[in-house]
Amino acid sequence: MIEFEEVTYGYGGGPLLADVSLKLAPGSFHFLTGPSGAGKTTLLKLCYGDLIAQQGRVALFGQDARLLSRDDVALMRRRIGVVHQDQRFLDHLSVAENVALPLTVSGRSATEADIRELIGWVGLENQQFAYPPELSGGERQRAALARAIIMSPEVILADEPTGNVDWEMSLRLLKLMVELNRMGKTIMIATHDLNLIRAAKQQVQARVLRIANHRLQLAGANL
Ligand SMILES: Nc1ncnc2c1ncn2[C@@H]1O[C@H](COP(=O)(O)OP(=O)(O)OP(=O)(O)O)[C@@H](O)[C@H]1O
């Protein structure tokens, strides 16, 4: 679904990521870890075509990311749902309207019942008419997840989805991710939280990738 071949990327002043090869197979579950500033968000951006490799090749659903037309990018964005680190809601729209926004902007619609069902699935049924500034950190993360999956993407990329939430909420978010994976979705979660990874490994077969010294490595069994 997403494949990197010897990808190098930097923001000037030397490569941040060097010779990164990676394959996200359908239905796989990956964690991406590494120190702050190692390049986790950058790698995720390469995965959804927000950044283009400076060397090497990124293929998204078999297509070279460099050669995607504007229409291809729009289609690909439906196939890859992203939970951003800073959730970026429109504060004048309700939670339900924010969640439905990707549909609205792509000219599609869903029934109110469908949106309500999704909001209920992430446990925000009582907050659907609230506005983003009224939500707690964990509620914002769950609203961001609902918005990322409203288009039924095949791949879900989440950047620190459990940042700034307590352990109970982290486990709740993890459970949602595991359920999505069981529905066949391909998942990649960037996180610092090794306890979260340990908890996940009891529920799902997950590979752990670590960025260290600009390279991507497969982390060993003992985290
Ligand atoms: N647009 C940009 N221009 C210049 N430098 C950038 C840009 N975006 C990120 N960087 C730098 O690249 C490095 C990696 O950033 P990135 O956000 O990918 O790391 P990260 O591993 O996700 O970090 P964190 O765990 O703190 O979120 C950092 O040093 C950051 O300052």
# chains A, B, ... in the order shown; residues from 1 in each chain; ligands from 1
call {"tool": "residues_near_ligand", "arguments": {"ligand": "ligand 1", "cutoff": "9 Å", "atoms": "only C-alpha atoms and all ligand atoms", "output": "VMD selection string"}}
result
chain A and resid 10 to 12 16 to 17 33 to 45 85 159 to 160 190 to 192 211
call {"tool": "write_last_selection", "arguments": {"atoms": "N, CA and C atoms", "output": "mmCIF file, in the first residue's frame"}}
result
data_model
loop_
_atom_site.group_PDB
_atom_site.id
_atom_site.type_symbol
_atom_site.label_atom_id
_atom_site.label_comp_id
_atom_site.auth_asym_id
_atom_site.auth_seq_id
_atom_site.Cartn_x
_atom_site.Cartn_y
_atom_site.Cartn_z
ATOM 1 N N GLY A 10 15.529 15.720 3.818
ATOM 2 C CA GLY A 10 16.049 16.662 4.809
ATOM 3 C C GLY A 10 15.470 18.038 4.542
ATOM 4 N N TYR A 11 15.606 18.905 5.528
ATOM 5 C CA TYR A 11 15.076 20.268 5.380
ATOM 6 C C TYR A 11 16.200 21.258 5.079
ATOM 7 N N GLY A 12 17.329 20.773 4.553
ATOM 8 C CA GLY A 12 18.519 21.616 4.399
ATOM 9 C C GLY A 12 19.445 21.275 5.549
ATOM 10 N N LEU A 16 17.662 14.334 7.171
ATOM 11 C CA LEU A 16 17.032 13.965 8.436
ATOM 12 C C LEU A 16 16.736 12.463 8.410
ATOM 13 N N LEU A 17 16.257 11.996 7.257
ATOM 14 C CA LEU A 17 16.004 10.572 7.047
ATOM 15 C C LEU A 17 16.883 10.126 5.885
ATOM 16 N N THR A 33 8.664 4.871 16.232
ATOM 17 C CA THR A 33 9.137 5.524 17.440
ATOM 18 C C THR A 33 10.525 6.127 17.185
ATOM 19 N N GLY A 34 11.059 6.776 18.203
ATOM 20 C CA GLY A 34 12.346 7.462 18.047
ATOM 21 C C GLY A 34 12.315 8.753 18.824
ATOM 22 N N PRO A 35 13.475 9.319 19.119
ATOM 23 C CA PRO A 35 13.522 10.526 19.941
ATOM 24 C C PRO A 35 12.815 11.714 19.293
ATOM 25 N N SER A 36 12.476 12.673 20.122
ATOM 26 C CA SER A 36 11.870 13.900 19.608
ATOM 27 C C SER A 36 12.796 14.519 18.562
ATOM 28 N N GLY A 37 12.230 14.899 17.450
ATOM 29 C CA GLY A 37 13.029 15.519 16.392
ATOM 30 C C GLY A 37 13.702 14.520 15.462
ATOM 31 N N ALA A 38 13.466 13.216 15.685
ATOM 32 C CA ALA A 38 14.119 12.194 14.855
ATOM 33 C C ALA A 38 13.567 12.172 13.428
ATOM 34 N N GLY A 39 12.320 12.613 13.269
ATOM 35 C CA GLY A 39 11.755 12.642 11.924
ATOM 36 C C GLY A 39 10.490 11.801 11.760
ATOM 37 N N LYS A 40 9.791 11.521 12.864
ATOM 38 C CA LYS A 40 8.586 10.682 12.769
ATOM 39 C C LYS A 40 7.486 11.386 11.957
ATOM 40 N N THR A 41 7.226 12.650 12.301
ATOM 41 C CA THR A 41 6.187 13.388 11.562
ATOM 42 C C THR A 41 6.596 13.520 10.099
ATOM 43 N N THR A 42 7.869 13.745 9.869
ATOM 44 C CA THR A 42 8.362 13.886 8.488
ATOM 45 C C THR A 42 8.109 12.589 7.717
ATOM 46 N N LEU A 43 8.390 11.462 8.359
ATOM 47 C CA LEU A 43 8.173 10.185 7.675
ATOM 48 C C LEU A 43 6.682 9.986 7.372
ATOM 49 N N LEU A 44 5.828 10.346 8.329
ATOM 50 C CA LEU A 44 4.381 10.219 8.073
ATOM 51 C C LEU A 44 3.975 11.109 6.898
ATOM 52 N N LYS A 45 4.537 12.306 6.844
ATOM 53 C CA LYS A 45 4.172 13.217 5.737
ATOM 54 C C LYS A 45 4.588 12.637 4.383
ATOM 55 N N GLN A 85 -0.876 15.576 14.761
ATOM 56 C CA GLN A 85 -0.416 15.815 16.133
ATOM 57 C C GLN A 85 -1.191 16.992 16.756
ATOM 58 N N ASP A 159 -0.334 10.534 14.342
ATOM 59 C CA ASP A 159 0.877 11.155 14.871
ATOM 60 C C ASP A 159 0.665 11.477 16.342
ATOM 61 N N GLU A 160 1.289 10.722 17.227
ATOM 62 C CA GLU A 160 1.132 10.897 18.679
ATOM 63 C C GLU A 160 -0.344 11.015 19.082
ATOM 64 N N ALA A 190 2.707 6.876 15.199
ATOM 65 C CA ALA A 190 3.968 7.440 15.693
ATOM 66 C C ALA A 190 3.774 7.765 17.169
ATOM 67 N N THR A 191 4.665 7.275 17.994
ATOM 68 C CA THR A 191 4.527 7.529 19.435
ATOM 69 C C THR A 191 5.866 7.431 20.162
ATOM 70 N N HIS A 192 5.960 8.182 21.264
ATOM 71 C CA HIS A 192 7.096 8.062 22.184
ATOM 72 C C HIS A 192 6.819 7.007 23.239
ATOM 73 N N ILE A 211 13.324 5.262 14.427
ATOM 74 C CA ILE A 211 14.269 6.121 13.704
ATOM 75 C C ILE A 211 15.414 6.428 14.658
#
call {"tool": "residues_around", "arguments": {"residues": "Val95 in chain A", "least_positions_apart": "5", "cutoff": "8 Å", "atoms": "only C-alpha atoms", "output": "CSV table (one decimal) with N, CA and C atoms, in the first residue's frame"}}
result
chain,number,residue,atom,x,y,z
A,127,GLN,N,-21.0,14.8,23.1
A,127,GLN,CA,-20.3,16.0,22.7
A,127,GLN,C,-20.5,16.4,21.2
A,128,GLN,N,-21.4,15.7,20.5
A,128,GLN,CA,-21.5,15.9,19.1
A,128,GLN,C,-21.9,17.4,18.7
A,129,PHE,N,-22.6,18.0,19.6
A,129,PHE,CA,-23.0,19.4,19.3
A,129,PHE,C,-22.1,20.4,20.0
A,130,ALA,N,-21.1,19.9,20.7
A,130,ALA,CA,-20.2,20.8,21.4
A,130,ALA,C,-19.2,21.4,20.3
A,131,TYR,N,-18.5,22.5,20.7
A,131,TYR,CA,-17.5,23.1,19.9
A,131,TYR,C,-16.1,22.7,20.3
A,132,PRO,N,-15.1,22.6,19.4
A,132,PRO,CA,-13.8,22.0,19.8
A,132,PRO,C,-13.2,22.6,21.0
A,143,ALA,N,-12.2,12.8,18.5
A,143,ALA,CA,-12.8,13.5,17.4
A,143,ALA,C,-11.9,13.5,16.2
call {"tool": "select_by_dssp", "arguments": {"residues": "range 39-161 of chain A", "states": "strand (DSSP E or B)", "output": "CSV table (one decimal) with N, CA and C atoms, in the first residue's frame"}}
result
chain,number,residue,atom,x,y,z
A,55,GLN,N,15.5,11.8,-2.5
A,55,GLN,CA,16.1,10.7,-3.2
A,55,GLN,C,15.3,9.5,-2.9
A,56,GLY,N,15.4,8.5,-3.8
A,56,GLY,CA,14.7,7.3,-3.6
A,56,GLY,C,13.3,7.4,-4.1
A,57,ARG,N,12.4,6.5,-3.7
A,57,ARG,CA,11.1,6.4,-4.3
A,57,ARG,C,10.0,6.1,-3.2
A,58,VAL,N,8.9,6.8,-3.2
A,58,VAL,CA,7.8,6.4,-2.4
A,58,VAL,C,6.7,6.0,-3.3
A,59,ALA,N,6.1,4.8,-3.1
A,59,ALA,CA,5.0,4.4,-3.9
A,59,ALA,C,3.7,4.4,-3.0
A,60,LEU,N,2.7,5.0,-3.4
A,60,LEU,CA,1.4,5.0,-2.7
A,60,LEU,C,0.4,4.3,-3.5
A,63,GLN,N,1.6,3.7,-7.0
A,63,GLN,CA,1.9,4.9,-7.9
A,63,GLN,C,3.1,5.7,-7.3
A,64,ASP,N,4.0,6.1,-8.1
A,64,ASP,CA,5.1,6.9,-7.7
A,64,ASP,C,4.6,8.2,-7.2
A,80,ILE,N,-6.1,7.4,2.6
A,80,ILE,CA,-5.2,7.5,3.8
A,80,ILE,C,-5.8,8.5,4.8
A,81,GLY,N,-6.2,8.0,5.9
A,81,GLY,CA,-6.7,9.0,6.9
A,81,GLY,C,-5.6,9.3,7.9
A,82,VAL,N,-5.5,10.6,8.2
A,82,VAL,CA,-4.4,11.1,9.0
A,82,VAL,C,-5.0,11.7,10.3
A,83,VAL,N,-4.4,11.3,11.5
A,83,VAL,CA,-4.7,11.9,12.7
A,83,VAL,C,-3.5,12.8,13.0
A,155,VAL,N,-5.9,3.1,5.0
A,155,VAL,CA,-4.7,3.3,5.8
A,155,VAL,C,-5.0,4.4,6.8
A,156,ILE,N,-4.6,4.2,8.0
A,156,ILE,CA,-4.7,5.3,9.0
A,156,ILE,C,-3.4,5.6,9.6
A,157,LEU,N,-2.9,6.8,9.5
A,157,LEU,CA,-1.6,7.2,10.1
A,157,LEU,C,-2.0,8.2,11.2
A,158,ALA,N,-1.4,7.9,12.4
A,158,ALA,CA,-1.7,8.7,13.6
A,158,ALA,C,-0.4,9.2,14.2
A,159,ASP,N,-0.3,10.5,14.3
A,159,ASP,CA,0.9,11.2,14.9
A,159,ASP,C,0.7,11.5,16.3
call {"tool": "atom_distance", "arguments": {"atom1": "CA of Asn164 in chain A", "atom2": "CA of Ala146 in chain A"}}
result
18.1 Å
call {"tool": "closest_residue", "arguments": {"among": "A:Val20, A:Val208, A:Leu46, A:Ala96", "to": "Asp193 in chain A", "atoms": "only C-alpha atoms"}}
result
A:Val208
call {"tool": "residues_around", "arguments": {"residues": "Arg78 in chain A", "least_positions_apart": "5", "cutoff": "8 Å", "atoms": "only C-alpha atoms", "output": "ChimeraX atom specification"}}
result
/A:151-153
call {"tool": "write_last_selection", "arguments": {"atoms": "N, CA and C atoms", "output": "PDB file, in the first residue's frame"}}
result
ATOM      1  N   MET A 151     -14.031   8.962   5.830  1.00  0.00           N
ATOM      2  CA  MET A 151     -14.023   8.598   4.415  1.00  0.00           C
ATOM      3  C   MET A 151     -13.741   7.109   4.202  1.00  0.00           C
ATOM      4  N   SER A 152     -13.739   6.328   5.291  1.00  0.00           N
ATOM      5  CA  SER A 152     -13.402   4.900   5.217  1.00  0.00           C
ATOM      6  C   SER A 152     -12.064   4.641   4.533  1.00  0.00           C
ATOM      7  N   PRO A 153     -11.006   5.262   5.032  1.00  0.00           N
ATOM      8  CA  PRO A 153      -9.699   5.052   4.403  1.00  0.00           C
ATOM      9  C   PRO A 153      -9.203   3.627   4.639  1.00  0.00           C
TER      10      PRO A 153
END
call {"tool": "atom_distance", "arguments": {"atom1": "CA of Glu117 in chain A", "atom2": "CA of Ala144 in chain A"}}
result
15.2 Å
call {"tool": "closest_residue", "arguments": {"among": "A:Trp121, A:Tyr9, A:Phe31, A:Phe61", "to": "Leu218 in chain A", "atoms": "only C-alpha atoms"}}
result
A:Phe31
call {"tool": "atom_distance", "arguments": {"atom1": "CA of Gly107 in chain A", "atom2": "CA of Ile149 in chain A"}}
result
16.3 Å
call {"tool": "closest_residue", "arguments": {"among": "A:Ser106, A:Gln202, A:Gln141, A:Ser94", "to": "Asp71 in chain A", "atoms": "only C-alpha atoms"}}
result
A:Ser106
call {"tool": "select_by_dssp", "arguments": {"residues": "range 37-210 of chain A", "states": "helix (DSSP H, G or I)", "output": "ChimeraX atom specification"}}
result
/A:40-47,65-67,70-79,95-105,112-121,125-127,132-134,137-149,167-182,194-201
call {"tool": "residues_around", "arguments": {"residues": "range 177-183 of chain A", "least_positions_apart": "2", "cutoff": "8 Å", "atoms": "only C-alpha atoms", "output": "number ranges by chain"}}
result
A: 27-29, 173-175, 185-187, 200, 203-204
call {"tool": "residues_around", "arguments": {"residues": "Asn98 in chain A", "least_positions_apart": "6", "cutoff": "8 Å", "atoms": "only C-alpha atoms", "output": "PDB file with N, CA and C atoms, in the first residue's frame"}}
result
ATOM      1  N   PHE A  89      -8.930  21.776  14.375  1.00  0.00           N
ATOM      2  CA  PHE A  89     -10.373  21.804  14.122  1.00  0.00           C
ATOM      3  C   PHE A  89     -10.802  23.216  13.725  1.00  0.00           C
ATOM      4  N   LEU A  90     -11.964  23.293  13.108  1.00  0.00           N
ATOM      5  CA  LEU A  90     -12.561  24.604  12.885  1.00  0.00           C
ATOM      6  C   LEU A  90     -13.440  24.891  14.109  1.00  0.00           C
ATOM      7  N   ARG A 147     -12.798  11.965  12.532  1.00  0.00           N
ATOM      8  CA  ARG A 147     -12.673  12.726  11.282  1.00  0.00           C
ATOM      9  C   ARG A 147     -11.746  12.017  10.297  1.00  0.00           C
TER      10      ARG A 147
END
